[in-house]
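Take a look at the structure set out below.
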2 protein chains.
Amino acid sequence: MVTLEDVAKQAGVSLATASRVLNGSTRQVGAALRARVEQAADELGYRANIAAQTLARGASNVIGIVVHDLTDPYFAALADGAMRAAATEGLLVMVGTTHRDPEQEIAYVATLNAQRVRAVLLVGSRVADPAVTGRLRGELARYQAGGGRAACVGQDLLGVDTVAPANRLGAAELARALADLGHTRFAVLAGPPHLVTAADRCAGFVEALEELGLPAPQVIHGPFDRDGGYAAASQAGGATCVFAVNDVMAVGALAAYRERGVRVPDDVSVAGFDDIVTLRDHVPALATVRLPLKDMGARALELALGEGDPVVVEQVAGEVVLRESVRRMT
Amino acid sequence: MVTLEDVAKQAGVSLATASRVLNGSTRQVGAALRARVEQAADELGYRANIAAQTLARGASNVIGIVVHDLTDPYFAALADGAMRAAATEGLLVMVGTTHRDPEQEIAYVATLNAQRVRAVLLVGSRVADPAVTGRLRGELARYQAGGGRAACVGQDLLGVDTVAPANRLGAAELARALADLGHTRFAVLAGPPHLVTAADRCAGFVEALEELGLPAPQVIHGPFDRDGGYAAASQAGGATCVFAVNDVMAVGALAAYRERGVRVPDDVSVAGFDDIVTLRDHVPALATVRLPLKDMGARALELALGEGDPVVVEQVAGEVVLRESVRRMT
DNA sequence: GCAGACTTGGAAACCGCTTTCCTGGGAGGT
DNA sequence: ACCTCCCAGGAAAGCGGTTTCCAAGTCTGC
């Protein structure tokens, strides 16, 4: 591997000069020397050793993003938003997937801390486990104590800058919209009780129905993914409208109904949450609550990078979008 | 930030001993000292500085993955496969997205080289531009000259270990399967002519039809994504069966037909390529050629990490899967 | 009881780059 | 002409680890 010293030697200049020419410095270097250095670097095929730069500068140009599952379009969209924002800042991105294991999340924060990344983004729902959350907070605190910056997309439970989707509110608005269509008997495919995102959406929905004076919906717990939706849908009976707490689950539910010959929306209405872009061509088109995922990812990165001495928490509103998968009761 | 020296001082041992205890060495350290060091590290909240380790060891524990677009489930699946494999090896992953810009791809290789990553994975179709390919090869060669390892998922055009989907073959088999159903008039939504993956699939399909003595299909070029499929479908006329060179385009095509009131498969059959998992609940279910994307990603990482003095190129066969989106002609 | 072979701990060189501090020389002012 | 001031260039001190090389024990086996 060719080093800066090789380049300096070849160009007949000092290490300092070579460094100043090649790796961006405030100091000026004379045109003649500059040219010699650049030529030497080119001839030798010099590539700066970033590990050395990071060590010397005491600051790296990479950020870390921790998501649950990259193949879930929800996280892909969020990550993509953050990555685009990072690219415009000239930052590299290290991505970690936890596959929904909170321990992995904690471990990643430790690892990213060791990497001295500029910022870490924790993307995805928190879990309702004070012990785990506490340990994660501890790890984050340690990271931040060393000058690291962090932000989160999800719930404001970590004491860091947060982009928080208005899950409760969105679900409540959805409930009201569905009630407006004349539905009265609901079921909620509620996901796992310990997942805060799932729980919030479920709670918002249930509370809104209560306020409207409607009967409490049937709440069915299960996994937060497509198969969870599929399985939960099979247990729902008697409801004219089913709310799956995310789009992917809703798609699973639709699949279950299709297989059983239950027509959507004729026999049952189905709504989801998130408005996953990849699903826009699904048939029937899915009623949902739209979240600006890319923007949220990008915004989270901004927050992490920004000064923000006081921790900032930004609520992001969702927008109810009714589509073919729901119908008006006559 | 607490350093190893702080730990050593607190534990009353030398830097060398502290290093050996905390950061994995072949050398033994006595139980007493080991305990003291570990306690000190714990009390101080020590986290090794990986940049320093990388510099000293001359080897990093991160790999780079370069994909076109993370929100495209095709790449997400491939990347996920590679990332899982990386995780089992204890490697961290740096992900770069090029958004289909070959220049970006080259730039990423340079950057990852600067990072001295252990290996880089280039995931996605090559482009049919000798100049660009040449520059990419040059950058890769430079990286490999420095001890870097590389692999590619796509076409064997880079002179590195490659996992190559059998695009031609898969498309040919698909063509035969569709011909078996009695179709004779085909259209191909062919994607961009310069994208090798798209071109290969198109060519395989066209050749197979020719061998069967069937009339040449209408070939419609356009973008390689959902909207490209949507637009291309609108231009196809007279065919009873349409082959979109990837699933995402096929979904776009289905959307276009739906909007125009063209029934699939009654009026026209539609097939794709890839068998994207996220699309399994699409209606109508998409006939396609299944590629084991996760395995391919994982395999590419293995290849990159393996010895492999001779460059190895692995063909991965696709499996034709006929589903509701195609019908038998009577 | 002692030579030789292992072990364990520490000192210090080194990884590749940044940056502070110093030096010499030219420009500008009087 | 003389003195300052400023600026380009270089020497060298880190940045935080790893690892080689030594020295000093500690075991063996005879």
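Residues in the structure tokens are numbered from 1 in each chain, the chains being A, B, ... in the order shown, and ligands are numbered from 1 in the order shown.
Contact shell of DG29 of chain D at 12 Å (only C-alpha atoms (C1' of nucleotides); same-chain neighbours under 4 positions omitted): DG1, DC2, DA3, DG4 and DA5 of chain C.
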Practice item. Write out as a PyMOL selection string every residue belonging to chain A that has an atom at most 6 Å from any atom of chain B, counting only C-alpha atoms. Key: chain A and resi 1+47-52+55+71+76-77+93-95+114-115+146+282-283
Review point. Chain C residues within 9 Å of chain A, counting only C-alpha atoms (C1' of nucleotides): which ones, as a list in words?
Key: DC15, DG16, DC17, DT18 and DT19 of chain C
Review point. Residues at most 10 Å from DT20 of chain C, counting only C-alpha atoms (C1' of nucleotides), excluding those fewer than 4 positions away in the same chain, as a ChimeraX atom specification?
Key: /D:12-14
Taking C-alpha atoms (C1' of nucleotides) for each residue, export the selection above as a compact mmCIF listing (two decimals), in the first residue's frame.
# COMPACT_ATOMS: atom_id res chain seq x y z
C1' DA D 12 8.54 16.57 14.95
C1' DA D 13 5.10 15.56 18.38
C1' DG D 14 1.19 13.34 18.86
Revision key, fill the gap. From the list A:Ala151, A:Leu301, A:Ala32, A:Val7, the nearest residue to chain D using only C-alpha atoms (C1' of nucleotides) is A:Ala32
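Coordinates place atom CA of Leu169 of chain B at a distance of 22.4 Å from atom CA of Pro223 of chain B.
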Each residue of chain D with at least one atom at most 8 Å from chain B should appear once, together with its nearest atom pair and the corresponding distance in Å (one decimal); atoms considered: only C-alpha atoms (C1' of nucleotides); ordering: chain, then increasing residue number; output as a Markdown table.
| residue | atom | partner | partner_atom | distance |
| --- | --- | --- | --- | --- |
| D:DC15 | C1' | B:Ala52 | CA | 8.0 |
| D:DG16 | C1' | B:Ala52 | CA | 5.2 |
| D:DG17 | C1' | B:Ala52 | CA | 5.0 |
| D:DT18 | C1' | B:Ala56 | CA | 5.4 |
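Rounded to one decimal, atom CA of Ala107 of chain A and atom CA of Gly228 of chain A lie 26.9 Å from each other.
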Long-range neighbours of Thr162 of chain B as a compact mmCIF listing (two decimals) with C-alpha atoms, in the first residue's frame, 7 Å cut-off, only C-alpha atoms (C1' of nucleotides), 6 positions minimum in chain:
# COMPACT_ATOMS: atom_id res chain seq x y z
CA ALA B 151 -16.66 -9.81 -5.34
CA CYS B 152 -19.57 -8.95 -7.54
CA VAL B 153 -23.16 -9.99 -7.90
CA GLY B 154 -24.01 -9.55 -11.53
CA ASP B 156 -18.45 -11.41 -14.82
CA ALA B 300 -20.82 -13.27 -2.73
CA VAL B 312 -14.33 -17.93 -9.38
CA VAL B 313 -17.54 -17.25 -11.23
CA GLU B 314 -20.64 -19.00 -10.01
Review point. Among segment 102-237 of chain B, which residues carry a DSSP assignment of strand (DSSP E or B), reported as a PyMOL selection string?
Key: chain B and resi 119-123+127+149-153+161-165+186-191+195+218-221
Practice item. Using DSSP on the backbone, list every residue of segment 68-128 of chain A that comes out as helix (DSSP H, G or I), and give them as an NGL selection string. Key: :A and (73-88 or 102-114)
Go ahead and save the picked residues with C-alpha atoms, as a compact mmCIF listing (two decimals), in the first residue's frame.
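Final output, again.txt:
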# COMPACT_ATOMS: atom_id res chain seq x y z
CA PRO A 73 -39.65 -1.61 3.12
CA TYR A 74 -40.47 0.57 6.10
CA PHE A 75 -36.89 0.48 7.27
CA ALA A 76 -35.50 0.55 3.78
CA ALA A 77 -37.29 3.83 3.13
CA LEU A 78 -36.17 5.35 6.41
CA ALA A 79 -32.60 4.20 5.89
CA ASP A 80 -32.58 5.42 2.34
CA GLY A 81 -33.71 8.86 3.44
CA ALA A 82 -30.99 9.04 6.02
CA MET A 83 -28.38 7.73 3.62
CA ARG A 84 -29.18 10.29 0.99
CA ALA A 85 -28.86 13.02 3.55
CA ALA A 86 -25.58 11.55 4.70
CA ALA A 87 -24.28 11.42 1.16
CA THR A 88 -24.91 15.11 0.67
CA PRO A 102 -32.76 -5.26 21.45
CA GLU A 103 -29.51 -6.79 22.66
CA GLN A 104 -28.15 -6.46 19.16
CA GLU A 105 -29.15 -2.86 19.17
CA ILE A 106 -27.20 -2.22 22.33
CA ALA A 107 -24.24 -4.12 20.98
CA TYR A 108 -24.29 -2.03 17.83
CA VAL A 109 -24.21 1.19 19.75
CA ALA A 110 -21.15 -0.08 21.58
CA THR A 111 -19.51 -1.10 18.33
CA LEU A 112 -20.30 2.16 16.62
CA ASN A 113 -18.94 3.95 19.62
CA ALA A 114 -15.73 2.01 19.22
Practice item. Within 8 Å of DT8 of chain C, counting only C-alpha atoms (C1' of nucleotides), which residues show up once you throw out same-chain ones fewer than 2 positions away? Write them as a list in words, please. Key: Gln28, Val29 and Gly30 of chain B
Check your understanding: Which residues, written as a ChimeraX atom specification, have at least one atom at most 12 Å from Leu209 of chain A, with only C-alpha atoms (C1' of nucleotides) counted and residues fewer than 2 positions away on the same chain left out?
Key -> /A:171-180,183-188,202-207,211-218
Take the selection from the previous step and output its residues with C-alpha atoms, as a tab-separated table (two decimals), in the first residue's frame.
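New file result31.tsv:
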chain	number	residue	atom	x	y	z
A	171	ALA	CA	-54.41	5.76	14.47
A	172	ALA	CA	-57.09	7.85	16.17
A	173	GLU	CA	-57.75	9.84	13.02
A	174	LEU	CA	-57.92	6.65	11.05
A	175	ALA	CA	-60.42	5.28	13.53
A	176	ARG	CA	-62.58	8.36	13.16
A	177	ALA	CA	-62.37	8.19	9.37
A	178	LEU	CA	-63.42	4.56	9.41
A	179	ALA	CA	-66.22	5.26	11.83
A	180	ASP	CA	-67.36	8.01	9.50
A	183	HIS	CA	-68.27	0.96	10.66
A	184	THR	CA	-69.03	0.06	14.22
A	185	ARG	CA	-67.54	-3.36	14.79
A	186	PHE	CA	-63.76	-3.30	14.59
A	187	ALA	CA	-60.84	-5.60	15.09
A	188	VAL	CA	-57.23	-4.55	15.59
A	202	CYS	CA	-53.47	0.18	18.88
A	203	ALA	CA	-54.14	2.42	21.86
A	204	GLY	CA	-54.84	5.46	19.70
A	205	PHE	CA	-57.31	3.47	17.68
A	206	VAL	CA	-59.04	1.98	20.68
A	207	GLU	CA	-59.29	5.28	22.52
A	211	GLU	CA	-64.56	8.53	22.55
A	212	LEU	CA	-66.95	7.97	19.71
A	213	GLY	CA	-69.01	5.76	21.94
A	214	LEU	CA	-68.43	2.72	19.80
A	215	PRO	CA	-67.96	-0.77	21.16
A	216	ALA	CA	-64.39	-1.79	22.01
A	217	PRO	CA	-62.69	-3.59	19.16
A	218	GLN	CA	-61.38	-7.10	19.28
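Among the candidates A:Arg100, A:Arg260, A:Arg126, A:Leu286, the one nearest to Asp225 of chain A when counting only C-alpha atoms is A:Arg100.
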Check your understanding: Which residues come within 12 Å of DC22 of chain D, counting only C-alpha atoms (C1' of nucleotides), excluding same-chain residues fewer than 4 positions away, as a PyMOL selection string?
Key -> chain C and resi 9-12
